[in-house]
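Printed here is query36.cif (mmCIF, C-alpha atoms):
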data_my_file
#
loop_
_atom_site.label_atom_id
_atom_site.label_comp_id
_atom_site.auth_asym_id
_atom_site.auth_seq_id
_atom_site.Cartn_x
_atom_site.Cartn_y
_atom_site.Cartn_z
CA MET Z 1 89.43 56.01 62.58
CA ASN Z 2 90.88 53.16 64.62
CA LYS Z 3 91.59 55.49 67.54
CA LEU Z 4 87.98 56.68 67.47
CA LEU Z 5 86.75 53.08 67.41
CA ASP Z 6 89.10 52.15 70.26
CA ARG Z 7 87.82 55.03 72.36
CA LEU Z 8 84.18 54.23 71.59
CA GLU Z 9 84.75 50.59 72.53
CA GLU Z 10 86.26 51.57 75.87
CA ILE Z 11 83.46 54.06 76.59
CA ILE Z 12 80.78 51.44 75.87
CA ILE Z 13 82.41 48.85 78.14
CA ALA Z 14 83.03 51.32 80.96
CA SER Z 15 79.50 52.74 80.72
CA LEU Z 16 77.91 49.29 80.82
CA MET Z 17 79.98 48.36 83.88
CA ALA Z 18 79.11 51.63 85.64
CA VAL Z 19 75.37 51.37 84.97
CA ALA Z 20 75.26 47.69 86.01
CA THR Z 21 77.11 48.48 89.25
CA ILE Z 22 74.78 51.35 90.12
CA VAL Z 23 71.62 49.37 89.34
CA ILE Z 24 72.77 46.36 91.37
CA PHE Z 25 73.72 48.62 94.31
CA VAL Z 26 70.34 50.39 94.27
CA SER Z 27 68.51 47.07 93.99
CA VAL Z 28 70.33 45.56 96.98
CA VAL Z 29 69.82 48.67 99.10
CA HIS Z 30 66.12 48.70 98.18
CA ARG Z 31 65.74 45.04 99.10
CA TYR Z 32 67.23 45.43 102.58
CA ALA Z 33 65.83 48.88 103.32
CA SER Z 34 62.27 47.80 102.52
CA GLY Z 35 62.50 45.24 105.34
CA TYR Z 36 62.73 47.92 108.03
CA GLU Z 37 59.44 49.12 109.48
CA ILE Z 38 59.96 52.82 108.90
CA PRO Z 39 56.69 54.77 108.64
CA VAL Z 40 55.93 56.10 105.17
CA VAL Z 41 59.40 55.16 103.89
CA GLN Z 42 58.69 51.41 103.96
CA ASP Z 43 55.40 51.83 102.11
CA TRP Z 44 57.16 54.01 99.52
CA LEU Z 45 59.90 51.42 99.02
CA LEU Z 46 57.45 48.53 98.76
CA ASP Z 47 55.48 50.39 96.13
CA MET Z 48 58.66 50.87 94.11
CA ASN Z 49 59.10 48.15 91.50
CA VAL Z 50 62.73 47.15 90.91
CA GLY Z 51 62.00 43.61 89.76
CA TRP Z 52 63.39 44.54 86.37
CA ALA Z 53 66.88 45.19 87.79
CA GLN Z 54 68.12 41.59 87.51
CA GLU Z 55 67.03 41.20 83.91
CA PHE Z 56 68.44 44.60 83.01
CA CYS Z 57 71.84 43.79 84.52
CA ILE Z 58 71.96 40.43 82.75
CA ILE Z 59 71.45 42.23 79.45
CA LEU Z 60 74.18 44.72 80.34
CA PHE Z 61 76.60 41.92 81.21
CA VAL Z 62 75.88 40.15 77.91
CA TRP Z 63 76.70 43.30 75.95
CA MET Z 64 79.70 43.93 78.17
CA ALA Z 65 81.04 40.42 77.52
CA LYS Z 66 80.70 40.68 73.74
CA PHE Z 67 82.42 44.06 73.47
CA GLY Z 68 84.91 43.05 76.15
CA ALA Z 69 85.92 40.04 74.05
CA ALA Z 70 86.78 42.36 71.16
CA TYR Z 71 88.74 44.58 73.54
CA GLY Z 72 90.61 41.49 74.73
CA VAL Z 73 91.71 40.63 71.20
CA ARG Z 74 92.97 44.17 70.64
CA THR Z 75 94.95 44.35 73.88
CA GLY Z 76 96.12 40.73 74.05
CA ILE Z 77 94.54 39.83 77.41
CA HIS Z 78 92.81 36.64 76.26
CA VAL Z 79 94.11 33.42 77.76
CA GLY Z 80 95.83 31.22 75.17
CA VAL Z 81 97.66 27.90 75.03
CA ASP Z 82 100.99 28.86 73.49
CA ILE Z 83 103.33 26.10 74.72
CA LEU Z 84 103.96 24.78 71.22
CA ILE Z 85 104.27 28.24 69.69
CA ASN Z 86 106.85 29.29 72.27
CA LYS Z 87 108.95 26.25 71.40
CA LEU Z 88 109.17 27.39 67.80
CA SER Z 89 110.83 30.34 66.15
CA GLY Z 90 111.03 32.04 62.79
CA THR Z 91 108.72 31.00 59.97
CA PRO Z 92 107.04 28.00 61.71
CA ARG Z 93 106.08 30.17 64.68
CA ALA Z 94 104.75 32.97 62.47
CA ALA Z 95 102.77 30.49 60.37
CA LEU Z 96 101.10 28.94 63.43
CA ILE Z 97 100.24 32.35 64.84
CA GLN Z 98 98.71 33.48 61.55
CA LEU Z 99 96.77 30.21 61.33
CA GLY Z 100 95.32 30.83 64.80
CA LEU Z 101 94.38 34.38 63.86
CA VAL Z 102 92.72 33.19 60.64
CA CYS Z 103 90.69 30.68 62.67
CA GLY Z 104 89.63 33.54 64.95
CA VAL Z 105 88.57 35.64 61.95
CA VAL Z 106 86.55 32.79 60.41
CA PHE Z 107 84.90 31.79 63.68
CA THR Z 108 83.85 35.30 64.72
CA ALA Z 109 82.69 36.12 61.18
CA LEU Z 110 80.44 33.04 61.15
CA ILE Z 111 79.06 33.81 64.61
CA GLY Z 112 78.40 37.38 63.52
CA LEU Z 113 76.70 36.27 60.30
CA PHE Z 114 74.45 33.67 61.93
CA GLY Z 115 73.74 36.07 64.79
CA ALA Z 116 72.70 38.79 62.34
CA LEU Z 117 70.36 36.38 60.52
CA PHE Z 118 68.84 35.30 63.82
CA VAL Z 119 68.29 38.90 64.94
CA TRP Z 120 66.79 39.81 61.57
CA GLU Z 121 64.31 36.94 61.63
CA ASN Z 122 63.55 37.29 65.35
CA GLY Z 123 61.74 40.61 65.06
CA MET Z 124 64.12 43.10 63.47
CA ALA Z 125 62.77 42.43 59.99
CA TYR Z 126 59.19 42.97 61.16
CA GLU Z 127 60.08 46.24 62.93
CA THR Z 128 62.17 47.53 60.02
CA LEU Z 129 59.65 46.70 57.30
CA SER Z 130 56.78 48.07 59.38
CA LEU Z 131 58.69 51.30 59.96
CA LEU Z 132 59.29 51.65 56.22
CA GLY Z 133 55.65 50.86 55.43
CA ARG Z 134 56.56 47.68 53.55
CA ASP Z 135 54.85 44.31 53.55
CA VAL Z 136 56.25 42.20 56.39
CA GLY Z 137 55.48 38.96 54.60
CA ASP Z 138 56.20 35.90 56.72
CA TYR Z 139 58.21 37.81 59.31
CA TYR Z 140 56.67 37.97 62.77
CA GLU Z 141 56.84 40.61 65.48
CA GLY Z 142 59.14 38.63 67.73
CA PRO Z 143 59.10 37.98 71.49
CA THR Z 144 59.85 40.44 74.27
CA THR Z 145 61.77 40.08 77.51
CA PRO Z 146 59.70 39.03 80.57
CA ASP Z 147 60.27 42.00 82.89
CA LEU Z 148 61.33 44.95 80.75
CA GLU Z 149 59.22 43.82 77.78
CA TRP Z 150 61.96 44.89 75.38
CA PRO Z 151 62.08 43.25 71.93
CA THR Z 152 64.53 40.38 72.26
CA TRP Z 153 66.11 41.18 68.89
CA ILE Z 154 67.54 44.35 70.44
CA VAL Z 155 69.10 42.31 73.25
CA TYR Z 156 70.46 39.67 70.86
CA SER Z 157 72.01 42.36 68.67
CA ALA Z 158 75.01 42.17 70.98
CA VAL Z 159 75.97 38.87 69.32
CA PRO Z 160 76.45 40.10 65.72
CA LEU Z 161 77.78 43.52 66.74
CA GLY Z 162 80.30 42.14 69.21
CA SER Z 163 81.31 39.26 66.92
CA PHE Z 164 81.89 41.48 63.89
CA LEU Z 165 83.94 43.88 66.03
CA MET Z 166 85.94 40.94 67.34
CA CYS Z 167 86.49 39.76 63.76
CA TYR Z 168 87.80 43.19 62.85
CA ARG Z 169 90.17 43.10 65.82
CA PHE Z 170 91.54 39.74 64.67
CA LEU Z 171 92.18 41.26 61.24
CA GLN Z 172 93.93 44.19 62.89
CA VAL Z 173 96.20 41.86 64.85
CA MET Z 174 96.92 39.84 61.69
CA VAL Z 175 98.03 42.91 59.75
CA SER Z 176 100.06 44.23 62.69
CA PHE Z 177 101.80 40.87 63.20
CA ALA Z 178 102.58 40.56 59.48
CA ARG Z 179 104.24 43.98 59.55
CA SER Z 180 106.07 43.92 62.88
CA GLY Z 181 106.16 40.27 63.92
CA GLU Z 182 104.77 41.20 67.33
CA LEU Z 183 101.49 40.36 69.04
CA PRO Z 184 99.62 42.66 71.43
CA THR Z 185 100.52 41.93 75.04
CA HIS Z 186 99.06 43.07 78.33
CA ASP Z 187 100.91 43.47 81.62
CA HIS Z 188 98.38 42.64 84.34
CA GLY Z 189 100.59 44.26 86.96
CA HIS Z 190 100.83 47.57 85.14
CA VAL Z 191 98.73 50.51 86.27
CA GLU Z 192 98.57 53.27 83.69
CA GLY Z 193 100.19 56.48 84.91
CA LEU Z 194 101.85 54.82 87.93
CA ASP Z 195 105.19 53.84 86.44
CA GLU Z 196 105.72 57.24 84.87
CA ALA Z 197 105.35 59.03 88.22
CA GLN Z 198 107.30 56.45 90.21
CA ASP Z 199 110.05 57.90 92.41
CA PRO Z 200 113.27 55.97 91.63
CA ASN Z 201 114.13 56.08 95.35
CA VAL Z 202 110.86 54.36 96.33
CA LEU Z 203 110.50 50.61 95.90
CA LEU Z 204 107.34 49.12 94.45
CA GLU Z 205 105.55 46.47 96.49
CA GLY Z 206 106.78 43.65 94.25
CA GLU Z 207 110.37 44.88 94.43
CA SER Z 208 110.22 45.10 98.23
CA ILE Z 209 108.90 41.55 98.48
CA THR Z 210 111.63 40.27 96.17
CA LEU Z 211 114.38 41.97 98.17
CA GLY Z 212 112.91 40.66 101.42
CA GLU Z 213 112.84 37.12 100.07
CA ASP Z 214 116.47 37.44 98.94
CA VAL Z 215 117.53 38.55 102.42
CA GLU Z 216 115.52 35.78 104.07
CA HIS Z 217 117.02 33.13 101.83
CA GLY Z 218 120.51 34.54 102.30
CA HIS Z 219 120.14 34.49 106.13
CA ALA Z 220 118.59 31.02 106.25
CA GLY Z 221 115.29 32.45 107.48
CA MET Z 222 116.89 34.46 110.33
CA SER Z 223 116.38 38.15 110.90
CA ASP Z 224 119.28 40.55 110.43
CA GLU Z 225 119.81 40.76 114.22
CA GLU Z 226 119.78 36.98 114.71
CA TRP Z 227 122.12 36.48 111.81
CA ALA Z 228 124.54 39.14 113.14
CA LYS Z 229 124.78 37.42 116.55
CA THR Z 230 125.91 34.08 115.10
CA HIS Z 231 127.80 35.48 112.10
CA PRO Z 232 129.99 38.41 113.12
CA LYS Z 233 131.27 40.62 110.37
CA ARG Z 234 134.43 39.59 108.63
CA PRO Z 235 137.38 41.91 108.28
CA GLY Z 236 136.24 42.77 104.76
CA GLY Z 237 132.94 44.12 106.13
CA LYS Z 238 130.71 41.43 104.59
CA ASN Z 239 128.64 38.82 106.43
#
What does the file become when written as structure tokens?
Amino acid sequence: MNKLLDRLEEIIIASLMAVATIVIFVSVVHRYASGYEIPVVQDWLLDMNVGWAQEFCIILFVWMAKFGAAYGVRTGIHVGVDILINKLSGTPRAALIQLGLVCGVVFTALIGLFGALFVWENGMAYETLSLLGRDVGDYYEGPTTPDLEWPTWIVYSAVPLGSFLMCYRFLQVMVSFARSGELPTHDHGHVEGLDEAQDPNVLLEGESITLGEDVEHGHAGMSDEEWAKTHPKRPGGKN
């Protein structure tokens, strides 16, 4: 179940990023291309309405941010202030970590709850009750977005959905830490699939830079040739 949820989360984030990138690219190309006086083509481009693209991409980025925050909790890529925690060890360290995770659970649960109530009262209740043929009572239809004219409650649904998913991720990390004593970590320099196929005889870029710096420091900033001229080899074969 968790693997399915993980995969779905990644697909949603990747799809939102892909769609936003394509829409922004098309919008920019349309804006510049419509400025050229090309017969027929310019009139066709000017008649094309892409004014909705900015609003659409903003909505995509909002959804991307909410689900991306949950992904960050699961993979451990969120920035944190852990100076005090790293100074501790054993039970005090574990207690502080669990306290921080509990605060994350409570905070995201509250945001999700209040977000769900806001979405419900902002038009979702009206749409749901109308669809079921029930009396809508004091609930109103709710506003729509300016350009796309989408119900805003659909857009704002990213807040409760993303927050509840983030809350679940905090609970996952809590259980995992209680069992193993380890938190999820993320290596920003790691590229999946690269290390496994790495030829042991080929240096990575970071390793090459490190070796170069070691040589430079060892030769006082001189090149190998300059160093050899002023420091001939000793009988033992070392410079």
Closest atom pairs, residues of range 59-165 of chain Z within 12 Å of range 48-54 of chain Z, all atoms listed in the file, as JSON lines:
{"residue": "Z:Ile59", "atom": "CA", "partner": "Z:Gln54", "partner_atom": "CA", "distance": 8.7}
{"residue": "Z:Leu60", "atom": "CA", "partner": "Z:Gln54", "partner_atom": "CA", "distance": 9.9}
{"residue": "Z:Phe61", "atom": "CA", "partner": "Z:Gln54", "partner_atom": "CA", "distance": 10.6}
{"residue": "Z:Thr145", "atom": "CA", "partner": "Z:Trp52", "partner_atom": "CA", "distance": 10.1}
{"residue": "Z:Pro146", "atom": "CA", "partner": "Z:Trp52", "partner_atom": "CA", "distance": 8.8}
{"residue": "Z:Asp147", "atom": "CA", "partner": "Z:Trp52", "partner_atom": "CA", "distance": 5.3}
{"residue": "Z:Leu148", "atom": "CA", "partner": "Z:Trp52", "partner_atom": "CA", "distance": 6.0}
{"residue": "Z:Glu149", "atom": "CA", "partner": "Z:Trp52", "partner_atom": "CA", "distance": 9.6}
{"residue": "Z:Trp150", "atom": "CA", "partner": "Z:Trp52", "partner_atom": "CA", "distance": 11.1}
Export of prior selection with C-alpha atoms as an mmCIF file, in the frame of the given file:
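Saved file result_39.cif follows:
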data_model
loop_
_atom_site.group_PDB
_atom_site.id
_atom_site.type_symbol
_atom_site.label_atom_id
_atom_site.label_comp_id
_atom_site.auth_asym_id
_atom_site.auth_seq_id
_atom_site.Cartn_x
_atom_site.Cartn_y
_atom_site.Cartn_z
ATOM 1 C CA ILE Z 59 71.450 42.230 79.450
ATOM 2 C CA LEU Z 60 74.180 44.720 80.340
ATOM 3 C CA PHE Z 61 76.600 41.920 81.210
ATOM 4 C CA THR Z 145 61.770 40.080 77.510
ATOM 5 C CA PRO Z 146 59.700 39.030 80.570
ATOM 6 C CA ASP Z 147 60.270 42.000 82.890
ATOM 7 C CA LEU Z 148 61.330 44.950 80.750
ATOM 8 C CA GLU Z 149 59.220 43.820 77.780
ATOM 9 C CA TRP Z 150 61.960 44.890 75.380
#
Residue nearest Met166 in chain Z - candidates Z:Thr108, Z:Asn122, Z:Gln42, Z:Thr152, atoms counted: all atoms listed in the file = Z:Thr108
Taking only C-alpha atoms into account, produce a table as CSV in which each residue of range 158-179 of chain Z with an atom at most 12 Å from an atom of range 9-17 of chain Z appears once, together with its shortest atom pair and the distance in Å to one decimal, ordered by chain and rising number.
residue,atom,partner,partner_atom,distance
Z:Ala158,CA,Z:Ile12,CA,12.0
Z:Leu161,CA,Z:Glu9,CA,11.5
Z:Gly162,CA,Z:Glu9,CA,10.1
Z:Leu165,CA,Z:Glu9,CA,9.4
Z:Met166,CA,Z:Glu9,CA,11.0
Z:Arg169,CA,Z:Glu9,CA,11.4
task = Write out as number ranges by chain which residues come within 10 Å of Met174 in chain Z when counting all atoms listed in the file, dropping same-chain ones fewer than 2 positions away.
result = Z: 97-102, 105, 168-172, 176-179, 181-183
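Taking CA of Gly112 in chain Z and CA of Lys3 in chain Z as endpoints, the distance between them is 22.8 Å.
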task = Could you tell me how far CA of Val173 in chain Z lies from CA of Val106 in chain Z, in Å and to one decimal?
result =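 These two atoms are separated by 14.0 Å.
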note = Separating CA of Phe67 in chain Z from CA of Tyr156 in chain Z, to the nearest tenth of an Å, is a gap of 13.0 Å
task = Using only C-alpha atoms, determine which residues lie at most 12 Å from Leu46 in chain Z, disregarding the query and same-chain residues fewer than 3 positions distant; provide the list as a VMD selection string.
result = chain Z and resid 30 to 43 49 to 51
query = If you count only C-alpha atoms, which residues fall within 9 Å of Val159 in chain Z, apart from same-chain ones fewer than 2 positions away, as a PyMOL selection string?
reply = chain Z and resi 62-63+66+111-112+115-116+119+155-157+161-164
